[in-house]
Every structure is written in C-alpha cells, then in structure tokens.
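Chemist: Next up, work-v7.cif (mmCIF, C-alpha atoms).
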```
data_structure
loop_
_atom_site.label_atom_id
_atom_site.label_comp_id
_atom_site.auth_asym_id
_atom_site.auth_seq_id
_atom_site.Cartn_x
_atom_site.Cartn_y
_atom_site.Cartn_z
CA MET P 1 0.00 0.00 0.00
CA LEU P 2 1.08 3.52 -0.76
CA SER P 3 1.87 5.84 2.11
CA GLU P 4 3.71 9.11 2.58
CA PRO P 5 7.30 8.15 3.37
CA ARG P 6 9.53 9.80 5.93
CA SER P 7 12.13 10.13 3.18
CA GLY P 8 9.67 12.32 1.26
CA GLN P 9 9.31 14.67 4.20
CA LEU P 10 13.06 14.84 4.72
CA ALA P 11 13.74 15.49 1.04
CA ALA P 12 10.97 18.06 0.59
CA TRP P 13 11.71 20.15 3.67
CA GLY P 14 15.45 19.58 3.41
CA ASN P 15 15.34 20.99 -0.12
CA ALA P 16 13.38 24.03 1.07
CA LEU P 17 15.94 24.58 3.83
CA LEU P 18 18.93 24.19 1.49
CA ALA P 19 17.32 26.75 -0.82
CA GLY P 20 16.84 29.20 2.06
CA LEU P 21 13.04 29.09 1.83
CA VAL P 22 12.35 27.88 5.39
CA SER P 23 14.12 28.09 8.74
CA PRO P 24 15.92 25.10 10.28
CA ASP P 25 13.35 24.92 13.06
CA ASP P 26 10.41 24.84 10.64
CA ALA P 27 12.10 22.22 8.44
CA VAL P 28 12.91 19.90 11.34
CA LEU P 29 9.42 20.29 12.81
CA ALA P 30 7.86 19.27 9.48
CA VAL P 31 10.21 16.30 9.01
CA VAL P 32 9.74 14.90 12.50
CA GLY P 33 5.96 15.26 12.37
CA ASP P 34 4.31 12.95 14.88
CA ASP P 35 7.56 11.13 15.70
CA ALA P 36 9.37 11.83 18.97
CA VAL P 37 12.81 12.56 17.53
CA HIS P 38 14.98 12.06 14.44
CA ARG P 39 18.75 11.59 14.62
CA VAL P 40 21.45 10.97 12.01
CA GLU P 41 24.30 8.46 12.37
CA GLY P 42 27.44 8.13 10.26
CA LEU P 43 27.74 11.67 8.91
CA PRO P 44 31.25 12.55 7.68
CA GLY P 45 32.91 14.82 10.22
CA GLU P 46 30.71 13.65 13.11
CA SER P 47 31.91 10.95 15.50
CA GLY P 48 28.48 9.92 16.78
CA THR P 49 24.77 10.33 16.31
CA VAL P 50 23.61 13.92 15.93
CA GLY P 51 20.29 15.76 15.87
CA LEU P 52 18.52 16.53 12.62
CA THR P 53 19.16 20.28 12.77
CA LEU P 54 22.92 19.78 13.08
CA ALA P 55 22.83 17.05 10.42
CA LEU P 56 21.15 19.27 7.84
CA GLY P 57 23.71 21.99 8.53
CA ARG P 58 26.52 19.46 8.12
CA LEU P 59 25.08 18.30 4.78
CA ARG P 60 25.10 21.89 3.56
CA ARG P 61 28.77 22.22 4.57
CA LEU P 62 29.47 18.99 2.68
CA GLU P 63 28.17 20.82 -0.42
CA VAL P 64 24.88 18.95 -0.66
CA THR P 65 22.63 21.10 -2.85
CA GLY P 66 19.52 18.92 -2.99
CA LEU P 67 17.86 15.75 -1.77
CA ARG P 68 16.15 13.06 -3.83
CA VAL P 69 13.87 10.22 -2.75
CA ALA P 70 14.14 6.49 -3.49
CA LEU P 71 11.22 4.11 -2.86
CA PRO P 72 12.55 0.67 -3.83
CA ALA P 73 10.60 -2.58 -3.71
CA PRO P 74 11.67 -6.16 -4.45
CA GLY P 75 12.62 -6.31 -8.12
CA HIS P 76 12.27 -2.55 -8.51
CA PRO P 77 15.23 -0.42 -7.31
CA LEU P 78 13.28 2.80 -7.81
CA GLY P 79 15.49 5.86 -7.30
CA LEU P 80 18.62 3.93 -6.36
CA SER P 81 22.03 4.04 -8.01
CA GLY P 82 24.14 1.76 -5.76
CA PRO P 83 26.39 0.54 -4.31
CA PRO P 84 24.90 -2.81 -3.17
CA GLU P 85 25.27 -2.05 0.56
CA PHE P 86 23.21 1.11 0.30
CA ASN P 87 20.68 -0.49 -2.02
CA ALA P 88 20.19 -3.42 0.37
CA ARG P 89 19.54 -1.15 3.36
CA ALA P 90 17.21 1.05 1.33
CA LEU P 91 15.30 -1.98 0.08
CA GLU P 92 14.90 -3.26 3.63
CA ALA P 93 13.54 0.13 4.75
CA GLU P 94 11.57 0.53 1.48
CA GLU P 95 12.81 4.12 1.25
CA ALA P 96 15.88 6.34 1.28
CA VAL P 97 17.13 9.86 0.60
CA VAL P 98 19.98 10.38 -1.87
CA CYS P 99 22.04 13.57 -1.69
CA HIS P 100 22.76 15.69 -4.76
CA GLY P 101 26.19 17.33 -4.68
CA ALA P 102 27.83 14.74 -2.40
CA ALA P 103 27.97 10.94 -2.71
CA LEU P 104 25.88 10.27 0.38
CA GLY P 105 22.54 8.71 1.16
CA LEU P 106 20.31 8.40 4.22
CA VAL P 107 18.25 5.36 5.18
CA PRO P 108 15.78 5.52 8.09
CA GLU P 109 15.54 2.95 10.86
CA VAL P 110 12.40 3.26 12.98
CA TYR P 111 12.19 2.33 16.65
CA GLU P 112 9.23 2.19 18.99
CA ALA P 113 9.88 2.94 22.66
CA GLY P 114 7.89 3.43 25.84
CA PRO P 115 5.31 1.47 27.81
CA ALA P 116 2.05 0.16 26.37
CA GLY P 117 -0.35 3.01 25.83
CA ASP P 118 2.45 5.57 25.65
CA VAL P 119 4.57 4.32 22.77
CA HIS P 120 6.57 6.89 20.83
CA VAL P 121 8.54 6.59 17.61
CA GLU P 122 12.20 7.44 17.20
CA VAL P 123 14.00 7.49 13.84
CA VAL P 124 17.72 7.09 13.17
CA TRP P 125 18.88 7.98 9.67
CA HIS P 126 21.97 5.98 8.67
CA CYS P 127 24.30 7.96 6.41
CA LEU P 128 26.09 5.79 3.84
CA ALA P 129 28.14 6.23 0.68
CA VAL P 130 26.24 6.12 -2.61
CA ARG P 131 27.30 5.83 -6.23
CA GLU P 132 27.01 9.02 -8.23
CA ALA P 133 24.88 7.86 -11.15
CA PRO P 134 21.39 8.50 -12.55
CA PRO P 135 18.70 7.07 -10.25
CA ALA P 136 16.88 3.97 -11.47
CA ASP P 137 13.51 4.22 -13.24
CA VAL P 138 12.50 7.74 -12.14
CA PRO P 139 10.14 9.40 -14.66
CA SER P 140 9.80 13.07 -15.41
CA LEU P 141 6.82 14.87 -13.91
CA GLY P 142 5.11 14.90 -17.30
CA GLU P 143 5.60 11.17 -17.77
CA ALA P 144 4.42 10.47 -14.23
CA GLU P 145 1.26 12.53 -14.71
CA ARG P 146 0.34 10.73 -17.94
CA GLU P 147 1.06 7.31 -16.43
CA LEU P 148 -1.01 8.13 -13.34
CA ALA P 149 -4.06 9.08 -15.39
CA GLU P 150 -3.92 5.66 -17.03
CA ALA P 151 -3.25 3.94 -13.70
CA LEU P 152 -6.26 5.63 -12.12
CA ARG P 153 -8.49 4.25 -14.86
CA ASP P 154 -6.93 0.80 -14.48
CA ALA P 155 -7.36 0.80 -10.70
CA THR P 156 -11.00 1.86 -10.94
CA GLU P 157 -11.68 -0.85 -13.52
CA VAL P 158 -10.03 -3.53 -11.37
CA LEU P 159 -11.96 -2.46 -8.28
CA SER P 160 -15.24 -2.54 -10.16
CA ARG P 161 -14.49 -5.96 -11.62
CA LEU P 162 -13.58 -7.34 -8.19
CA ASP P 163 -16.63 -5.78 -6.52
CA VAL P 164 -14.64 -3.56 -4.12
CA ALA P 165 -15.42 -0.27 -5.81
CA GLY P 166 -16.01 1.85 -2.73
CA SER P 167 -18.62 0.49 -0.35
CA GLY P 168 -18.30 -0.34 3.31
CA PRO P 169 -16.62 1.31 6.30
CA VAL P 170 -13.05 0.44 5.28
CA ALA P 171 -13.49 2.07 1.88
CA ALA P 172 -15.10 5.13 3.48
CA ALA P 173 -12.22 5.46 5.94
CA ALA P 174 -9.69 5.17 3.11
CA ILE P 175 -11.45 7.91 1.14
CA ASP P 176 -11.53 10.18 4.21
CA ALA P 177 -7.81 9.59 4.75
CA TYR P 178 -7.10 10.45 1.12
CA ARG P 179 -9.06 13.69 1.40
CA ALA P 180 -7.13 14.66 4.53
CA ARG P 181 -3.81 13.99 2.77
CA SER P 182 -4.89 15.96 -0.28
CA GLU P 183 -5.77 18.99 1.83
CA ARG P 184 -2.24 19.12 3.20
CA GLY P 185 -0.53 18.12 -0.07
CA ARG P 186 1.18 21.49 -0.52
CA GLU P 187 2.46 21.31 3.04
CA VAL P 188 3.92 17.86 2.41
CA LEU P 189 5.95 19.16 -0.51
CA ALA P 190 7.18 22.30 1.26
CA PRO P 191 7.74 25.76 -0.24
CA GLY P 192 9.52 25.99 -3.57
CA TYR P 193 8.00 22.98 -5.31
CA PRO P 194 6.35 23.50 -8.71
CA ALA P 195 2.56 23.30 -8.87
CA ARG P 196 2.77 20.31 -11.18
CA ALA P 197 4.66 18.33 -8.53
CA VAL P 198 1.88 19.04 -6.04
CA ARG P 199 -0.69 17.88 -8.59
CA VAL P 200 1.24 14.68 -9.36
CA LEU P 201 1.66 13.84 -5.67
CA GLU P 202 -2.04 14.40 -5.00
CA LEU P 203 -2.97 12.11 -7.90
CA ALA P 204 -0.51 9.48 -6.68
CA GLN P 205 -2.19 9.68 -3.26
CA ARG P 206 -5.58 9.15 -4.89
CA VAL P 207 -4.34 6.08 -6.75
CA GLY P 208 -2.79 4.83 -3.52
CA MET P 209 -6.13 5.24 -1.76
CA LEU P 210 -7.83 3.07 -4.38
CA ILE P 211 -5.12 0.43 -4.00
CA SER P 212 -5.65 0.46 -0.24
CA VAL P 213 -9.39 -0.04 -0.74
CA ALA P 214 -8.69 -3.06 -2.92
CA TYR P 215 -6.30 -4.66 -0.45
CA GLU P 216 -8.09 -3.79 2.79
CA SER P 217 -11.81 -4.11 2.08
CA GLY P 218 -12.04 -7.85 2.59
CA HIS P 219 -12.52 -10.40 -0.14
CA GLY P 220 -15.03 -8.36 -2.14
CA GLY P 221 -15.77 -10.37 -5.25
CA ALA P 222 -12.54 -12.37 -4.92
CA VAL P 223 -13.82 -15.41 -3.10
CA SER P 224 -11.01 -17.84 -3.86
CA ALA P 225 -7.25 -17.82 -3.37
CA SER P 226 -6.72 -17.71 -7.12
CA GLU P 227 -9.03 -14.71 -7.49
CA MET P 228 -7.28 -12.90 -4.64
CA ALA P 229 -3.94 -13.60 -6.34
CA ALA P 230 -5.38 -12.23 -9.57
CA ARG P 231 -6.40 -9.05 -7.74
CA ALA P 232 -2.87 -8.55 -6.42
CA GLU P 233 -1.40 -9.23 -9.86
CA ALA P 234 -3.74 -6.73 -11.51
CA LEU P 235 -2.96 -3.99 -8.99
CA ARG P 236 0.81 -4.49 -8.84
CA PRO P 237 1.61 -2.36 -11.94
CA VAL P 238 -0.79 0.33 -10.70
CA GLU P 239 0.99 0.51 -7.36
CA ARG P 240 4.36 0.61 -9.15
CA THR P 241 3.18 3.56 -11.25
CA ALA P 242 1.99 5.41 -8.14
CA ARG P 243 5.34 4.91 -6.39
CA ARG P 244 7.22 6.16 -9.47
CA ALA P 245 5.02 9.26 -9.47
CA GLN P 246 5.68 9.87 -5.77
CA VAL P 247 9.42 9.83 -6.43
CA ALA P 248 9.06 12.13 -9.44
CA ALA P 249 7.07 14.62 -7.35
CA TYR P 250 9.49 14.67 -4.42
CA ASN P 251 12.50 14.89 -6.76
CA ALA P 252 11.03 17.71 -8.85
CA PHE P 253 12.71 20.38 -6.72
CA VAL P 254 16.19 19.12 -7.60
CA GLU P 255 15.27 18.43 -11.23
CA GLU P 256 13.93 21.98 -11.68
CA ARG P 257 17.05 23.53 -10.16
CA GLU P 258 19.28 21.35 -12.37
CA ARG P 259 17.44 22.47 -15.49
CA GLY P 260 17.66 26.09 -14.41
CA SER P 261 21.44 25.89 -13.99
CA ARG P 262 22.07 24.54 -17.48
#
```
Please lay out the structure from this file as structure tokens.
Modeler:
Amino acid sequence: MLSEPRSGQLAAWGNALLAGLVSPDDAVLAVVGDDAVHRVEGLPGESGTVGLTLALGRLRRLEVTGLRVALPAPGHPLGLSGPPEFNARALEAEEAVVCHGAALGLVPEVYEAGPAGDVHVEVVWHCLAVREAPPADVPSLGEAERELAEALRDATEVLSRLDVAGSGPVAAAAIDAYRARSERGREVLAPGYPARAVRVLELAQRVGMLISVAYESGHGGAVSASEMAARAEALRPVERTARRAQVAAYNAFVEERERGSR
C-alpha cells in the first residue's frame, strides 16, 4: 500500500531549507511530524549520532545542494544508483534519501519505545556512501502525470471488476484519509516545489487510496485464493506507477534547479 514516506518529508523540507526558503526549526518540525525525535548516524565529520538540525547543517557544509527520494521494492530499485550495501539497506527500509552534490545517502531505521499506551517513535537515519549515477527508473513529472491518469483508470476498472469499488466502512475510511492527505498536499511538498509536482503527488495519493481499498476491504468479489492472487497481480503495476510518481514529485525540486542551472 502507498503511504507518505519519511524520506519524502526529509527530502521536501530539506530541499526548502537548502534553498533558504524555510528556517531550520520549521524544516525539522515538518520532518519529525508525529515522531518523537529524528537523529542521524554516520555523517562525515561527526563521531556519533547527531540531531537533525545539526545534520542538515553538516550536509550543507558537505556541499549537498539537494535531496532526492528512493522508494525501492523487491525487483524494482526505484530511485537507487548503488552501491549494493546502500541499495540493500534502502530496500529493507523501502525508502531512502539520496544527496545531490555529495555521494551520500540516508536510510531511516524506525524504533518504537515506551510502555504500552504511551509508545513513541524514534528514527535514526543511517548515512552511507552512494554511487554518483542517474537514479533507477525515475520518470519526469510529465511522464508520471500521464502514467497516473492511465493507472487511475486501471485501478477503478479492477476495483469494479472485483466488486470492491467503494462500499463499506473500510473504503469510506480510506477515502476520508485520502481527502485529509490531499488537503495538506502542498504542506507535504514544502515551499519551492512547482505546482505540477503538487498535482502529481495528490494524484498518486488518490491512486494509492484506491489500491488500499482493494487490499483492505475484505474479499469483495474475490472469493477464492486464485481470485485474490489475480487481484494482487492486476494492482501491482498500478501501485508501481503510483510509487514512481511519488518519487518524481518529491524529486522535482532538484530536477527543476538542475534544469535552471544549465
């Protein structure tokens, strides 16, 4: 299922900070969100784990000029460029941030701490070396938007065929969650992002909501194991398209700046 990744928040607000469009406090507050704390481990020039504010300042001093997102899945190294150690950790986490301007990447590790009923989430970003090469399978915003329009039609058709087109409390909750995400879409992407990136991310969220309905609304019309497998097979390329669009939207800030400097 599609969700808004922590790497997307870090890349979006980190890019706004690197461009001087937001303050360090505002950027860190947006990245941490509902989590208790974010720290960074393995930064060049730092002997231990440091807070996110210091880490973003250190990345600037290391001549990082932008942050990209990777959302890999088994068989699909989306946004990655190597080496194998970094790719493996990113695949395990299902997300990563790749620095532009320095051969570094950040992979989150999420911990839950505290007693039952008062659990809080802590995140440690592991900083590792990356290969400086074009990221795998990332479309342009225009390509992503066209692909998403087709994917939305495909997802709706699959849901209708499998009798999970939008009825029941689970579907209603998924639609409400999508609407809430859409209303804060511009906030997710942070200042400085092009309007088209906001539009692409919102459409990717909508496709993700439909995928969630299909997976979470019970058997629907798929009453056998083979029919359930067919549902998953039909939705897999739709989910892949939505993830590619997410990456294109989050990476649009860096892509726009690169085009402007040519």
Chemist: Write out as a ChimeraX atom specification which residues come within 10 Å of P:Pro72 when counting only C-alpha atoms, dropping same-chain ones fewer than 3 positions away.
Modeler: /P:69,75-80,87-88,90-96,136,240,243-244
Chemist: Give me a file of those residues, with C-alpha atoms, as a PDB file, in the coordinates of the input.
Modeler:
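Done, and the output landed in again.pdb:
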```pdb
ATOM      1  CA  VAL P  69      13.870  10.220  -2.750  1.00  0.00           C
ATOM      2  CA  GLY P  75      12.620  -6.310  -8.120  1.00  0.00           C
ATOM      3  CA  HIS P  76      12.270  -2.550  -8.510  1.00  0.00           C
ATOM      4  CA  PRO P  77      15.230  -0.420  -7.310  1.00  0.00           C
ATOM      5  CA  LEU P  78      13.280   2.800  -7.810  1.00  0.00           C
ATOM      6  CA  GLY P  79      15.490   5.860  -7.300  1.00  0.00           C
ATOM      7  CA  LEU P  80      18.620   3.930  -6.360  1.00  0.00           C
ATOM      8  CA  ASN P  87      20.680  -0.490  -2.020  1.00  0.00           C
ATOM      9  CA  ALA P  88      20.190  -3.420   0.370  1.00  0.00           C
ATOM     10  CA  ALA P  90      17.210   1.050   1.330  1.00  0.00           C
ATOM     11  CA  LEU P  91      15.300  -1.980   0.080  1.00  0.00           C
ATOM     12  CA  GLU P  92      14.900  -3.260   3.630  1.00  0.00           C
ATOM     13  CA  ALA P  93      13.540   0.130   4.750  1.00  0.00           C
ATOM     14  CA  GLU P  94      11.570   0.530   1.480  1.00  0.00           C
ATOM     15  CA  GLU P  95      12.810   4.120   1.250  1.00  0.00           C
ATOM     16  CA  ALA P  96      15.880   6.340   1.280  1.00  0.00           C
ATOM     17  CA  ALA P 136      16.880   3.970 -11.470  1.00  0.00           C
ATOM     18  CA  ARG P 240       4.360   0.610  -9.150  1.00  0.00           C
ATOM     19  CA  ARG P 243       5.340   4.910  -6.390  1.00  0.00           C
ATOM     20  CA  ARG P 244       7.220   6.160  -9.470  1.00  0.00           C
TER      21      ARG P 244
END
```
Chemist: What gap, in Å, lies between atom CA of P:Ser23 and atom CA of P:Glu256?
Modeler: 21.3 Å
Chemist: To one decimal place in Å, what is the distance between atom CA of P:Glu157 and atom CA of P:Leu235?
Modeler: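 Between atom CA of P:Glu157 and atom CA of P:Leu235 the gap is 10.3 Å.
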Chemist: Please compute the atom CA of P:Val121-atom CA of P:Leu203 distance, one decimal, in Å.
Modeler: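 Separation between atom CA of P:Val121 and atom CA of P:Leu203: 28.5 Å.
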Chemist: Quick one: residues within 10 Å of (33.3, 12.3, -2.2) (file frame), counting all atoms listed in the file, please, as a list in words.
Modeler: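 Using all atoms listed in the file, the matching residues come out as Leu62, Gly101, Ala102, Ala103, Leu104, Ala129, Val130, Arg131 and Glu132 of chain P.
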Chemist: Counting only C-alpha atoms, which of P:Asp34, P:Val98, P:Leu189, P:Ala73 gets nearest to P:Leu59?
Modeler: P:Val98
Chemist: Have a look at P:Val107, P:Ala151, P:Ala36, P:Ala144 and name the one nearest to P:Arg199; count all atoms listed in the file.
Modeler: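 The shortest atom-to-atom distance to P:Arg199 comes from P:Ala144.
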Chemist: Find the residues around P:Gln246 up to 12 Å (all atoms listed in the file counted), leave out those fewer than 2 positions away in its own chain, and share them as a JSON list (two decimals) with C-alpha atoms, in the frame of the given file.
Modeler:
```json
[["chain", "number", "residue", "atom", "x", "y", "z"],
["P", 2, "LEU", "CA", 1.08, 3.52, -0.76],
["P", 3, "SER", "CA", 1.87, 5.84, 2.11],
["P", 4, "GLU", "CA", 3.71, 9.11, 2.58],
["P", 5, "PRO", "CA", 7.30, 8.15, 3.37],
["P", 7, "SER", "CA", 12.13, 10.13, 3.18],
["P", 8, "GLY", "CA", 9.67, 12.32, 1.26],
["P", 9, "GLN", "CA", 9.31, 14.67, 4.20],
["P", 11, "ALA", "CA", 13.74, 15.49, 1.04],
["P", 12, "ALA", "CA", 10.97, 18.06, 0.59],
["P", 68, "ARG", "CA", 16.15, 13.06, -3.83],
["P", 69, "VAL", "CA", 13.87, 10.22, -2.75],
["P", 70, "ALA", "CA", 14.14, 6.49, -3.49],
["P", 71, "LEU", "CA", 11.22, 4.11, -2.86],
["P", 72, "PRO", "CA", 12.55, 0.67, -3.83],
["P", 78, "LEU", "CA", 13.28, 2.80, -7.81],
["P", 79, "GLY", "CA", 15.49, 5.86, -7.30],
["P", 95, "GLU", "CA", 12.81, 4.12, 1.25],
["P", 138, "VAL", "CA", 12.50, 7.74, -12.14],
["P", 139, "PRO", "CA", 10.14, 9.40, -14.66],
["P", 140, "SER", "CA", 9.80, 13.07, -15.41],
["P", 141, "LEU", "CA", 6.82, 14.87, -13.91],
["P", 144, "ALA", "CA", 4.42, 10.47, -14.23],
["P", 145, "GLU", "CA", 1.26, 12.53, -14.71],
["P", 147, "GLU", "CA", 1.06, 7.31, -16.43],
["P", 148, "LEU", "CA", -1.01, 8.13, -13.34],
["P", 185, "GLY", "CA", -0.53, 18.12, -0.07],
["P", 188, "VAL", "CA", 3.92, 17.86, 2.41],
["P", 189, "LEU", "CA", 5.95, 19.16, -0.51],
["P", 197, "ALA", "CA", 4.66, 18.33, -8.53],
["P", 198, "VAL", "CA", 1.88, 19.04, -6.04],
["P", 199, "ARG", "CA", -0.69, 17.88, -8.59],
["P", 200, "VAL", "CA", 1.24, 14.68, -9.36],
["P", 201, "LEU", "CA", 1.66, 13.84, -5.67],
["P", 202, "GLU", "CA", -2.04, 14.40, -5.00],
["P", 203, "LEU", "CA", -2.97, 12.11, -7.90],
["P", 204, "ALA", "CA", -0.51, 9.48, -6.68],
["P", 205, "GLN", "CA", -2.19, 9.68, -3.26],
["P", 206, "ARG", "CA", -5.58, 9.15, -4.89],
["P", 207, "VAL", "CA", -4.34, 6.08, -6.75],
["P", 208, "GLY", "CA", -2.79, 4.83, -3.52],
["P", 239, "GLU", "CA", 0.99, 0.51, -7.36],
["P", 240, "ARG", "CA", 4.36, 0.61, -9.15],
["P", 241, "THR", "CA", 3.18, 3.56, -11.25],
["P", 242, "ALA", "CA", 1.99, 5.41, -8.14],
["P", 243, "ARG", "CA", 5.34, 4.91, -6.39],
["P", 244, "ARG", "CA", 7.22, 6.16, -9.47],
["P", 248, "ALA", "CA", 9.06, 12.13, -9.44],
["P", 249, "ALA", "CA", 7.07, 14.62, -7.35],
["P", 250, "TYR", "CA", 9.49, 14.67, -4.42],
["P", 251, "ASN", "CA", 12.50, 14.89, -6.76],
["P", 252, "ALA", "CA", 11.03, 17.71, -8.85]]
```
Chemist: Could you state which residues are captured by the PyMOL selection byres ((chain P and resi 14) around 9) in this file, as a ChimeraX atom specification?
Modeler: /P:9-13,15-19,24,27-28,31,56,66-67,190
Chemist: When you look at P:Glu122 with a cut-off of 7 Å (counting only C-alpha atoms), what residues show up, excluding the ones that are within fewer than 5 positions of it in the same chain? I need them as number ranges by chain.
Modeler: P: 35-38, 110-112
Chemist: Generate the output file for the selected residues, C-alpha atoms, as a compact mmCIF listing (two decimals), keeping the file's coordinate frame.
Modeler:
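Printed below is again-v3.txt as written:
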```
# COMPACT_ATOMS: atom_id res chain seq x y z
CA ASP P 35 7.56 11.13 15.70
CA ALA P 36 9.37 11.83 18.97
CA VAL P 37 12.81 12.56 17.53
CA HIS P 38 14.98 12.06 14.44
CA VAL P 110 12.40 3.26 12.98
CA TYR P 111 12.19 2.33 16.65
CA GLU P 112 9.23 2.19 18.99
```
Chemist: With distances taken over all atoms listed in the file, which of P:Val254, P:Ala229, P:Ser47, P:Ala245 is nearest to P:Cys99?
Modeler: P:Val254
Chemist: Rank nothing, just name the residue among P:Leu152, P:Gly192, P:Pro237, P:Gly142 nearest to P:Leu210, using only C-alpha atoms.
Modeler: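 Smallest separation from P:Leu210 among the options: P:Leu152.
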Chemist: Just checking: using all atoms listed in the file, which residue out of P:Ser160, P:Ser226, P:Thr49, P:Ser212 ends up closest to P:Val238?
Modeler: P:Ser212
Chemist: I need the residue set behind the PyMOL selection byres ((chain P and resi 108) around 6) for this file; please write it as a PyMOL selection string.
Modeler: chain P and resi 107+109+124-125
Chemist: Counting all atoms listed in the file, figure out which residue out of P:Ile211, P:Val64, P:Leu43, P:Val32 gets nearest to P:Asp154.
Modeler: P:Ile211
